[in-house]
>>> print(open('entry.csv').read())   # CSV, C-alpha atoms
chain,number,residue,atom,x,y,z
A,75,MET,CA,-5.5,7.6,6.4
A,76,ILE,CA,-2.5,9.2,4.6
A,77,LEU,CA,-1.9,8.2,1.0
A,78,SER,CA,1.8,8.4,0.0
A,79,VAL,CA,2.1,9.2,-3.8
A,80,SER,CA,4.7,7.7,-3.7
A,81,ARG,CA,8.0,6.3,-2.4
A,82,ARG,CA,7.8,3.6,-5.0
A,83,CYS,CA,7.8,5.7,-8.2
A,84,ASP,CA,7.3,9.3,-9.4
A,85,ILE,CA,3.6,9.2,-10.0
A,86,PRO,CA,3.1,13.0,-10.3
A,87,ARG,CA,5.7,13.1,-13.1
A,88,PHE,CA,5.1,9.9,-15.0
A,89,ARG,CA,1.7,8.6,-14.1
A,90,PHE,CA,-0.5,11.5,-13.0
A,91,ASP,CA,-3.2,10.7,-15.6
A,92,TRP,CA,-3.5,7.3,-14.1
A,93,PHE,CA,-3.8,8.8,-10.6
A,94,LEU,CA,-6.5,11.2,-11.8
A,95,GLU,CA,-8.4,8.2,-13.2
A,96,CYS,CA,-8.1,6.5,-9.9
A,97,LEU,CA,-9.6,9.6,-8.2
A,98,ASP,CA,-12.5,9.6,-10.6
A,99,ARG,CA,-13.0,5.9,-9.8
A,100,GLY,CA,-12.8,6.5,-6.1
A,101,PHE,CA,-10.2,3.8,-5.3
A,102,VAL,CA,-6.9,2.4,-6.2
A,103,ASP,CA,-5.7,-1.2,-6.0
A,104,VAL,CA,-2.3,-1.6,-4.4
A,105,LYS,CA,-0.2,-4.7,-4.9
A,106,ASN,CA,2.1,-5.9,-2.2
A,107,PRO,CA,5.6,-5.5,-3.7
A,108,PHE,CA,6.6,-8.8,-2.1
A,109,ASN,CA,3.5,-10.8,-3.1
A,110,ALA,CA,1.8,-9.6,-6.3
A,111,ALA,CA,-1.2,-11.8,-5.6
A,112,GLN,CA,-2.0,-9.8,-2.5
A,113,VAL,CA,-3.9,-6.7,-3.5
A,114,ARG,CA,-5.4,-4.0,-1.2
A,115,ARG,CA,-8.2,-1.7,-2.3
A,116,VAL,CA,-7.6,1.8,-1.0
A,117,PRO,CA,-10.4,4.4,-1.1
A,118,LEU,CA,-9.7,7.8,-2.7
A,119,LEU,CA,-12.3,10.0,-1.2
A,120,PRO,CA,-12.0,13.6,0.0
A,121,ALA,CA,-11.6,14.4,3.7
A,122,GLY,CA,-14.9,14.3,5.6
A,123,ILE,CA,-16.3,11.4,3.7
A,124,SER,CA,-16.5,7.9,5.2
A,125,SER,CA,-13.2,6.1,5.0
A,126,PRO,CA,-11.4,8.9,3.2
A,127,ALA,CA,-7.8,9.2,2.1
A,128,ASP,CA,-7.4,12.1,4.5
A,129,VAL,CA,-4.2,13.6,3.0
A,130,PHE,CA,-2.2,13.0,-0.1
A,131,ALA,CA,1.6,13.3,0.4
A,132,PHE,CA,3.0,13.7,-3.1
A,133,TRP,CA,6.7,12.9,-3.8
A,134,THR,CA,8.1,14.1,-7.2
A,135,ARG,CA,10.9,15.6,-9.2
A,136,ASP,CA,8.4,17.6,-11.2
A,137,PRO,CA,5.4,19.3,-9.6
A,138,GLY,CA,4.2,20.6,-13.0
A,139,PRO,CA,1.3,18.1,-13.3
A,140,ILE,CA,0.2,18.8,-9.7
A,141,LEU,CA,0.4,22.6,-10.4
A,142,SER,CA,-1.9,22.1,-13.4
A,143,TYR,CA,-4.5,20.3,-11.3
A,144,ALA,CA,-4.0,22.0,-7.9
A,145,ASP,CA,-7.2,24.1,-8.2
A,146,GLU,CA,-9.2,21.1,-9.2
A,147,LEU,CA,-7.9,19.0,-6.4
A,148,GLU,CA,-8.7,21.8,-3.9
A,149,ARG,CA,-12.2,22.3,-5.4
A,150,ARG,CA,-13.0,18.6,-5.0
A,151,GLY,CA,-12.0,18.7,-1.3
A,152,PHE,CA,-8.7,16.8,-1.4
A,153,LEU,CA,-6.0,17.7,1.1
A,154,PHE,CA,-2.4,17.5,0.0
A,155,TYR,CA,1.1,18.7,0.3
A,156,VAL,CA,4.0,18.2,-2.2
A,157,MET,CA,7.6,17.1,-1.6
A,158,VAL,CA,9.8,18.0,-4.5
A,159,THR,CA,13.3,16.6,-4.9
A,160,VAL,CA,15.7,19.1,-6.5
A,161,THR,CA,19.4,18.3,-6.4
A,162,GLY,CA,20.9,19.8,-9.5
A,163,TYR,CA,23.3,16.9,-9.9
A,164,PRO,CA,25.3,16.1,-13.1
A,165,ALA,CA,23.7,13.9,-15.8
A,166,VAL,CA,26.0,11.0,-14.9
A,167,LEU,CA,24.0,10.7,-11.7
A,168,GLU,CA,20.6,11.9,-12.9
A,169,PRO,CA,20.3,11.2,-16.7
A,170,LYS,CA,16.6,12.0,-17.1
A,171,VAL,CA,15.8,14.6,-14.5
A,172,PRO,CA,14.3,18.0,-15.5
A,173,PRO,CA,16.5,21.1,-15.2
A,174,ALA,CA,16.6,22.4,-11.7
A,175,GLY,CA,15.7,26.0,-12.7
A,176,ALA,CA,12.5,24.9,-14.3
A,177,ILE,CA,11.5,22.8,-11.3
A,178,CYS,CA,12.3,25.6,-8.9
A,179,GLY,CA,10.1,27.9,-11.0
A,180,ALA,CA,7.2,25.4,-10.8
A,181,MET,CA,7.7,25.1,-7.0
A,182,ARG,CA,7.5,28.9,-6.7
A,183,GLU,CA,4.3,29.0,-8.7
A,184,LEU,CA,2.8,26.1,-6.7
A,185,ALA,CA,3.6,27.8,-3.4
A,186,GLY,CA,1.7,30.8,-4.7
A,187,LYS,CA,-1.3,28.6,-5.1
A,188,ILE,CA,-1.3,26.4,-2.0
A,189,GLY,CA,1.1,28.1,0.4
A,190,ALA,CA,4.8,27.7,1.1
A,191,ARG,CA,4.2,25.3,4.1
A,192,ARG,CA,2.7,22.8,1.7
A,193,VAL,CA,5.7,22.8,-0.7
A,194,ILE,CA,8.7,21.0,0.8
A,195,TRP,CA,12.1,20.8,-0.8
A,196,ARG,CA,14.0,17.5,-0.6
A,197,TYR,CA,17.8,17.7,-1.3
A,198,ASP,CA,18.0,13.9,-1.2
A,199,PRO,CA,20.3,12.1,-1.2
A,200,VAL,CA,23.4,14.1,-0.3
A,201,PHE,CA,25.7,12.1,-2.6
A,202,LEU,CA,29.4,12.6,-2.1
A,203,SER,CA,31.5,11.7,-5.1
A,204,SER,CA,34.3,12.8,-7.4
A,205,VAL,CA,31.7,14.9,-9.3
A,206,THR,CA,29.7,16.0,-6.3
A,207,GLY,CA,32.2,16.8,-3.6
A,208,GLU,CA,31.9,19.0,-0.6
A,209,GLY,CA,32.6,22.2,-2.6
A,210,PHE,CA,30.0,21.2,-5.2
A,211,HIS,CA,27.3,20.7,-2.5
A,212,ARG,CA,28.1,24.0,-0.7
A,213,ALA,CA,27.7,26.0,-3.9
A,214,ASN,CA,24.9,24.0,-5.4
A,215,PHE,CA,22.8,23.9,-2.2
A,216,ALA,CA,23.3,27.6,-1.7
A,217,ALA,CA,22.2,28.4,-5.3
A,218,LEU,CA,19.1,26.3,-5.0
A,219,ALA,CA,18.2,27.8,-1.6
A,220,ARG,CA,18.5,31.3,-2.9
A,221,THR,CA,16.2,30.4,-5.8
A,222,LEU,CA,13.6,28.9,-3.5
A,223,LYS,CA,13.8,31.5,-0.8
A,224,GLY,CA,10.3,32.6,0.2
A,225,SER,CA,8.6,29.7,-1.6
A,226,VAL,CA,9.4,26.8,0.8
A,227,ARG,CA,9.7,26.8,4.6
A,228,ARG,CA,11.4,23.4,4.9
A,229,VAL,CA,14.2,21.4,3.3
A,230,ILE,CA,14.8,17.8,4.0
A,231,ILE,CA,18.2,16.2,3.5
A,232,SER,CA,19.4,12.6,3.7
A,233,LEU,CA,22.9,11.1,3.2
A,234,TYR,CA,23.1,8.5,0.5
A,235,ASP,CA,22.2,5.0,1.8
A,236,GLU,CA,23.6,2.1,-0.3
A,237,TYR,CA,21.2,-0.5,-1.8
A,238,ALA,CA,22.3,-3.5,-3.8
A,239,GLY,CA,21.0,-2.3,-7.2
A,240,ALA,CA,22.5,1.2,-6.7
A,241,ARG,CA,25.8,-0.3,-5.7
A,242,ARG,CA,26.0,-2.3,-8.9
A,243,ARG,CA,25.3,0.7,-11.0
A,244,ILE,CA,27.8,2.8,-9.2
A,245,GLU,CA,30.5,0.1,-9.3
A,246,ALA,CA,30.0,0.0,-13.1
A,247,LEU,CA,30.6,3.7,-13.3
A,248,GLU,CA,33.6,3.5,-11.1
A,249,LYS,CA,35.1,0.8,-13.4
A,250,THR,CA,34.9,3.1,-16.4
A,251,GLY,CA,36.3,6.0,-14.5
A,252,GLY,CA,33.1,8.0,-14.7
A,253,LEU,CA,32.7,8.3,-11.0
A,254,ARG,CA,34.3,7.7,-7.6
A,255,VAL,CA,32.3,7.6,-4.4
A,256,LEU,CA,33.8,9.5,-1.5
A,257,PRO,CA,33.6,8.1,2.1
A,258,VAL,CA,31.0,9.6,4.5
A,259,THR,CA,31.8,7.7,7.7
A,260,GLY,CA,34.9,6.5,9.5
A,261,ALA,CA,36.0,3.2,10.9
A,262,GLU,CA,33.5,3.4,13.8
A,263,GLY,CA,30.6,4.3,11.6
A,264,ARG,CA,30.5,7.9,12.7
A,265,LEU,CA,30.3,10.8,10.2
A,266,LEU,CA,33.7,12.1,9.1
A,267,PRO,CA,34.5,15.6,10.4
A,268,GLN,CA,34.4,17.1,6.9
A,269,VAL,CA,31.0,15.7,6.3
A,270,ARG,CA,29.7,17.1,9.6
A,271,GLU,CA,31.2,20.4,8.6
A,272,LEU,CA,29.4,20.3,5.2
A,273,LEU,CA,26.1,19.5,6.9
A,274,GLY,CA,26.6,22.3,9.3
A,275,ASP,CA,27.2,24.7,6.4
A,276,MET,CA,24.0,23.5,4.7
A,277,ALA,CA,22.1,24.2,7.9
A,278,ARG,CA,23.4,27.7,8.0
A,279,ILE,CA,22.6,28.2,4.3
A,280,ALA,CA,19.0,27.0,4.8
A,281,GLY,CA,18.6,29.3,7.8
A,282,GLU,CA,19.8,32.3,5.8
A,283,SER,CA,17.1,31.5,3.2
A,284,GLY,CA,14.4,31.3,5.8
A,285,MET,CA,14.1,27.5,5.8
A,286,GLU,CA,14.1,25.0,8.6
A,287,ILE,CA,16.3,22.0,7.7
A,288,GLN,CA,15.5,18.4,8.8
A,289,SER,CA,17.2,15.1,8.3
A,290,CYS,CA,15.5,12.0,6.9
A,291,ALA,CA,16.0,8.6,8.6
A,292,GLU,CA,19.6,9.4,9.8
A,293,ALA,CA,21.1,7.2,12.5
A,294,GLU,CA,23.3,9.9,13.8
A,295,ASP,CA,21.9,12.9,15.8
A,296,LEU,CA,22.6,16.0,13.8
A,297,SER,CA,20.8,18.4,16.1
A,298,ALA,CA,24.1,20.0,17.2
A,299,LEU,CA,24.6,21.0,13.6
A,300,GLY,CA,21.3,22.7,13.4
A,301,ILE,CA,19.5,19.8,11.7
A,302,ALA,CA,16.5,18.4,13.5
A,303,PRO,CA,15.4,14.8,12.9
A,304,GLY,CA,12.3,15.1,10.6
A,305,ALA,CA,9.6,13.1,9.0
A,306,CYS,CA,8.5,13.3,5.4
A,307,ILE,CA,5.0,11.9,6.2
A,308,ASP,CA,4.8,14.4,9.0
A,309,GLY,CA,2.0,13.9,11.4
A,310,GLU,CA,2.7,17.1,13.2
A,311,LEU,CA,2.6,19.2,10.0
A,312,ILE,CA,-0.7,17.5,8.9
A,313,GLY,CA,-2.2,18.3,12.3
A,314,GLU,CA,-1.1,21.9,12.1
A,315,LEU,CA,-2.4,22.3,8.6
A,316,TRP,CA,-5.8,20.5,8.8
A,317,GLY,CA,-6.3,19.4,12.4
A,318,ILE,CA,-6.1,15.7,11.4
A,319,GLU,CA,-4.5,13.3,13.9
A,320,ALA,CA,-1.7,11.3,12.3
A,321,GLU,CA,0.2,9.8,15.3
A,322,GLY,CA,2.6,6.9,15.6
A,323,ARG,CA,5.5,5.7,13.5
A,324,ASP,CA,5.3,3.7,10.3
A,325,LYS,CA,6.9,0.3,11.2
A,326,ASN,CA,7.2,-0.6,7.5
A,327,GLN,CA,9.9,2.0,6.9
A,328,ARG,CA,13.6,2.0,7.8
A,329,PRO,CA,14.7,1.8,11.5
A,330,HIS,CA,15.4,5.5,11.9
A,331,CYS,CA,12.4,6.8,9.8
A,332,ARG,CA,10.1,9.0,11.8
A,333,CYS,CA,7.2,9.0,9.3
A,334,ALA,CA,3.6,8.6,10.4
A,335,PRO,CA,1.8,5.5,9.0
A,336,SER,CA,0.7,5.8,5.4
A,337,VAL,CA,-0.2,3.7,2.4
A,338,ASP,CA,2.1,3.8,-0.6
A,339,ILE,CA,0.6,3.3,-4.0
A,340,GLY,CA,2.2,2.6,-7.4
A,341,SER,CA,4.9,0.1,-8.3
A,342,TYR,CA,8.7,-0.1,-7.9
A,343,GLY,CA,10.7,-0.1,-11.0
A,344,THR,CA,8.4,2.1,-13.1
A,345,CYS,CA,10.2,5.5,-12.8
A,346,ALA,CA,12.0,6.5,-16.0
A,347,ALA,CA,14.3,9.1,-14.4
A,348,GLY,CA,17.2,6.7,-14.3
A,349,CYS,CA,18.9,8.1,-11.2
A,350,VAL,CA,22.0,6.0,-10.5
A,351,TYR,CA,21.6,6.0,-6.7
A,352,CYS,CA,17.9,5.3,-6.6
A,353,TYR,CA,16.6,2.5,-4.3
A,354,ALA,CA,13.4,2.1,-6.3
A,355,ARG,CA,14.9,1.1,-9.6
A,356,ARG,CA,14.7,-2.5,-10.7
>>> encode(input="entry.csv", output="structure tokens")
Amino acid sequence: MILSVSRRCDIPRFRFDWFLECLDRGFVDVKNPFNAAQVRRVPLLPAGISSPADVFAFWTRDPGPILSYADELERRGFLFYVMVTVTGYPAVLEPKVPPAGAICGAMRELAGKIGARRVIWRYDPVFLSSVTGEGFHRANFAALARTLKGSVRRVIISLYDEYAGARRRIEALEKTGGLRVLPVTGAEGRLLPQVRELLGDMARIAGESGMEIQSCAEAEDLSALGIAPGACIDGELIGELWGIEAEGRDKNQRPHCRCAPSVDIGSYGTCAAGCVYCYARR
């Protein structure tokens, strides 16, 4: 079993003490987000023990708490890799996100402890707007890639997908003149040429920094741009790292998601980062 920690909230940044308490207890109770009365008890035991959480896949904007406990997690036999979202966007989009430079520094240090293959950079979402246009993304992505060169082997990107809550927040900003969202697709639902050109440039930049670049849950095939369809909960990577079989596709995710089956813990609406575009805010 793969434990996803977590798509629902940034547990490493905001609730890592709680997660460590769950590890000491040996289990975590997970509520169904659509039915709070339905609770699943999930074991939190190291690999090799009966009914283990074979691998932890951490999602976070701040790997600092994981860095502090990485040696302890390894000593106790827990297998894990860490996906870190670093976008470097203006505060109007990410009001309570740590400075990108500090997070990149923590990623480099973490890679020194556990290896570059187990630290994955997420530049997600690629949000095109009046404050984050194509020129911004080219310069910003290139600067971050240079900073992380040698510390990560993979970067995952995803174009912004609109959710109802995010749409309301963005519309409020647009009414005050603080933001204007730029189009990504044309009338037929295909990516605009300038967006494809941007993504192709990002693929080139990633390659120059020694990183493979993958897309996350994109409907359009970006392989011709040098961007392979990827999976965040990556069964192939888990197999290569630890010889654990993690096959199949998680049917609880979006239609084009390629992630292997996993169990998400935590609760929606508990992340304090306040990102305008976030699907998990309530």
>>> closest_atom_pairs(input="entry.csv", of="range 89-165 of chain A", to="range 336-340 of chain A", cutoff="10 Å", atoms="all atoms listed in the file", output="JSON lines")
{"residue": "A:Arg89", "atom": "CA", "partner": "A:Gly340", "partner_atom": "CA", "distance": 9.0}
{"residue": "A:Trp92", "atom": "CA", "partner": "A:Gly340", "partner_atom": "CA", "distance": 10.0}
{"residue": "A:Phe93", "atom": "CA", "partner": "A:Gly340", "partner_atom": "CA", "distance": 9.2}
{"residue": "A:Val102", "atom": "CA", "partner": "A:Ile339", "partner_atom": "CA", "distance": 7.9}
{"residue": "A:Asp103", "atom": "CA", "partner": "A:Ile339", "partner_atom": "CA", "distance": 8.0}
{"residue": "A:Val104", "atom": "CA", "partner": "A:Ile339", "partner_atom": "CA", "distance": 5.7}
{"residue": "A:Lys105", "atom": "CA", "partner": "A:Gly340", "partner_atom": "CA", "distance": 8.1}
{"residue": "A:Asn106", "atom": "CA", "partner": "A:Ile339", "partner_atom": "CA", "distance": 9.5}
{"residue": "A:Pro107", "atom": "CA", "partner": "A:Gly340", "partner_atom": "CA", "distance": 9.5}
{"residue": "A:Arg114", "atom": "CA", "partner": "A:Ile339", "partner_atom": "CA", "distance": 9.9}
{"residue": "A:Val116", "atom": "CA", "partner": "A:Val337", "partner_atom": "CA", "distance": 8.4}
{"residue": "A:Ala127", "atom": "CA", "partner": "A:Val337", "partner_atom": "CA", "distance": 9.4}
{"residue": "A:Val129", "atom": "CA", "partner": "A:Ser336", "partner_atom": "CA", "distance": 9.5}
{"residue": "A:Phe130", "atom": "CA", "partner": "A:Ser336", "partner_atom": "CA", "distance": 9.5}
{"residue": "A:Ala131", "atom": "CA", "partner": "A:Ser336", "partner_atom": "CA", "distance": 9.1}
>>> residues_around(input="entry.csv", residues="Tyr234 in chain A", least_positions_apart="6", cutoff="10 Å", atoms="all atoms listed in the file", output="PDB file with C-alpha atoms, in the coordinates of the input")
ATOM      1  CA  ASP A 198      18.000  13.900  -1.200  1.00  0.00           C
ATOM      2  CA  PRO A 199      20.300  12.100  -1.200  1.00  0.00           C
ATOM      3  CA  VAL A 200      23.400  14.100  -0.300  1.00  0.00           C
ATOM      4  CA  PHE A 201      25.700  12.100  -2.600  1.00  0.00           C
ATOM      5  CA  LEU A 202      29.400  12.600  -2.100  1.00  0.00           C
ATOM      6  CA  VAL A 258      31.000   9.600   4.500  1.00  0.00           C
ATOM      7  CA  GLU A 292      19.600   9.400   9.800  1.00  0.00           C
ATOM      8  CA  TYR A 351      21.600   6.000  -6.700  1.00  0.00           C
ATOM      9  CA  CYS A 352      17.900   5.300  -6.600  1.00  0.00           C
TER      10      CYS A 352
END
>>> atom_distance(input="entry.csv", atom1="CA of Arg192 in chain A", atom2="CA of Tyr155 in chain A")
4.6 Å
>>> closest_residue(input="entry.csv", among="A:Glu248, A:Tyr197, A:Met181, A:Thr344", to="Ile287 in chain A", atoms="all atoms listed in the file")
A:Tyr197
>>> closest_residue(input="entry.csv", among="A:Leu222, A:Leu266, A:Val350, A:Ala334", to="Ala246 in chain A", atoms="all atoms listed in the file")
A:Val350
>>> residues_near_point(input="entry.csv", point="(17.5, 28.7, -4.4)", cutoff="12 Å", atoms="all atoms listed in the file", output="PyMOL selection string")
chain A and resi 160-162+174-179+181-182+195+197+213-226+229+279-280+282-285
>>> build_atoms(input="entry.csv", residues="range 199-225 of chain A", atoms="N, CA and C atoms", output="PDB file, keeping the file's coordinate frame")
ATOM      1  N   PRO A 199      19.376  12.220  -2.312  1.00  0.00           N
ATOM      2  CA  PRO A 199      20.300  12.100  -1.200  1.00  0.00           C
ATOM      3  C   PRO A 199      21.473  13.125  -1.373  1.00  0.00           C
ATOM      4  N   VAL A 200      22.140  13.398  -0.261  1.00  0.00           N
ATOM      5  CA  VAL A 200      23.400  14.100  -0.300  1.00  0.00           C
ATOM      6  C   VAL A 200      24.452  13.071  -0.725  1.00  0.00           C
ATOM      7  N   PHE A 201      24.825  13.086  -1.992  1.00  0.00           N
ATOM      8  CA  PHE A 201      25.700  12.100  -2.600  1.00  0.00           C
ATOM      9  C   PHE A 201      27.076  12.633  -2.777  1.00  0.00           C
ATOM     10  N   LEU A 202      28.034  12.124  -2.023  1.00  0.00           N
ATOM     11  CA  LEU A 202      29.400  12.600  -2.100  1.00  0.00           C
ATOM     12  C   LEU A 202      30.221  11.752  -3.053  1.00  0.00           C
ATOM     13  N   SER A 203      30.782  12.386  -4.068  1.00  0.00           N
ATOM     14  CA  SER A 203      31.500  11.700  -5.100  1.00  0.00           C
ATOM     15  C   SER A 203      32.544  12.568  -5.728  1.00  0.00           C
ATOM     16  N   SER A 204      33.281  12.001  -6.682  1.00  0.00           N
ATOM     17  CA  SER A 204      34.300  12.800  -7.400  1.00  0.00           C
ATOM     18  C   SER A 204      33.675  13.906  -8.221  1.00  0.00           C
ATOM     19  N   VAL A 205      32.379  13.797  -8.570  1.00  0.00           N
ATOM     20  CA  VAL A 205      31.700  14.900  -9.300  1.00  0.00           C
ATOM     21  C   VAL A 205      30.790  15.694  -8.483  1.00  0.00           C
ATOM     22  N   THR A 206      30.540  15.259  -7.263  1.00  0.00           N
ATOM     23  CA  THR A 206      29.700  16.000  -6.300  1.00  0.00           C
ATOM     24  C   THR A 206      30.368  16.020  -4.958  1.00  0.00           C
ATOM     25  N   GLY A 207      31.493  16.694  -4.884  1.00  0.00           N
ATOM     26  CA  GLY A 207      32.200  16.800  -3.600  1.00  0.00           C
ATOM     27  C   GLY A 207      31.665  17.823  -2.703  1.00  0.00           C
ATOM     28  N   GLU A 208      32.364  18.063  -1.613  1.00  0.00           N
ATOM     29  CA  GLU A 208      31.900  19.000  -0.600  1.00  0.00           C
ATOM     30  C   GLU A 208      31.716  20.414  -1.171  1.00  0.00           C
ATOM     31  N   GLY A 209      32.686  20.839  -1.974  1.00  0.00           N
ATOM     32  CA  GLY A 209      32.600  22.200  -2.600  1.00  0.00           C
ATOM     33  C   GLY A 209      31.401  22.277  -3.505  1.00  0.00           C
ATOM     34  N   PHE A 210      31.157  21.234  -4.284  1.00  0.00           N
ATOM     35  CA  PHE A 210      30.000  21.200  -5.200  1.00  0.00           C
ATOM     36  C   PHE A 210      28.716  21.411  -4.344  1.00  0.00           C
ATOM     37  N   HIS A 211      28.574  20.639  -3.277  1.00  0.00           N
ATOM     38  CA  HIS A 211      27.300  20.700  -2.500  1.00  0.00           C
ATOM     39  C   HIS A 211      27.142  22.068  -1.850  1.00  0.00           C
ATOM     40  N   ARG A 212      28.205  22.665  -1.354  1.00  0.00           N
ATOM     41  CA  ARG A 212      28.100  24.000  -0.700  1.00  0.00           C
ATOM     42  C   ARG A 212      27.531  25.003  -1.753  1.00  0.00           C
ATOM     43  N   ALA A 213      28.145  25.036  -2.926  1.00  0.00           N
ATOM     44  CA  ALA A 213      27.700  26.000  -3.900  1.00  0.00           C
ATOM     45  C   ALA A 213      26.367  25.670  -4.521  1.00  0.00           C
ATOM     46  N   ASN A 214      26.133  24.412  -4.780  1.00  0.00           N
ATOM     47  CA  ASN A 214      24.900  24.000  -5.400  1.00  0.00           C
ATOM     48  C   ASN A 214      23.704  24.174  -4.462  1.00  0.00           C
ATOM     49  N   PHE A 215      23.857  23.751  -3.224  1.00  0.00           N
ATOM     50  CA  PHE A 215      22.800  23.900  -2.200  1.00  0.00           C
ATOM     51  C   PHE A 215      22.468  25.367  -2.005  1.00  0.00           C
ATOM     52  N   ALA A 216      23.508  26.189  -1.929  1.00  0.00           N
ATOM     53  CA  ALA A 216      23.300  27.600  -1.700  1.00  0.00           C
ATOM     54  C   ALA A 216      22.547  28.254  -2.867  1.00  0.00           C
ATOM     55  N   ALA A 217      22.897  27.878  -4.093  1.00  0.00           N
ATOM     56  CA  ALA A 217      22.200  28.400  -5.300  1.00  0.00           C
ATOM     57  C   ALA A 217      20.751  28.043  -5.303  1.00  0.00           C
ATOM     58  N   LEU A 218      20.468  26.786  -5.019  1.00  0.00           N
ATOM     59  CA  LEU A 218      19.100  26.300  -5.000  1.00  0.00           C
ATOM     60  C   LEU A 218      18.297  26.998  -3.872  1.00  0.00           C
ATOM     61  N   ALA A 219      18.913  27.131  -2.705  1.00  0.00           N
ATOM     62  CA  ALA A 219      18.200  27.800  -1.600  1.00  0.00           C
ATOM     63  C   ALA A 219      17.890  29.226  -1.885  1.00  0.00           C
ATOM     64  N   ARG A 220      18.815  29.924  -2.540  1.00  0.00           N
ATOM     65  CA  ARG A 220      18.500  31.300  -2.900  1.00  0.00           C
ATOM     66  C   ARG A 220      17.348  31.367  -3.885  1.00  0.00           C
ATOM     67  N   THR A 221      17.308  30.439  -4.832  1.00  0.00           N
ATOM     68  CA  THR A 221      16.200  30.400  -5.800  1.00  0.00           C
ATOM     69  C   THR A 221      14.881  30.127  -5.191  1.00  0.00           C
ATOM     70  N   LEU A 222      14.863  29.272  -4.176  1.00  0.00           N
ATOM     71  CA  LEU A 222      13.600  28.900  -3.500  1.00  0.00           C
ATOM     72  C   LEU A 222      13.223  29.698  -2.334  1.00  0.00           C
ATOM     73  N   LYS A 223      14.059  30.649  -1.975  1.00  0.00           N
ATOM     74  CA  LYS A 223      13.800  31.500  -0.800  1.00  0.00           C
ATOM     75  C   LYS A 223      12.409  32.129  -0.898  1.00  0.00           C
ATOM     76  N   GLY A 224      11.638  31.982   0.163  1.00  0.00           N
ATOM     77  CA  GLY A 224      10.300  32.600   0.200  1.00  0.00           C
ATOM     78  C   GLY A 224       9.210  31.637  -0.326  1.00  0.00           C
ATOM     79  N   SER A 225       9.604  30.577  -1.046  1.00  0.00           N
ATOM     80  CA  SER A 225       8.600  29.700  -1.600  1.00  0.00           C
ATOM     81  C   SER A 225       8.494  28.365  -0.863  1.00  0.00           C
TER      82      SER A 225
END
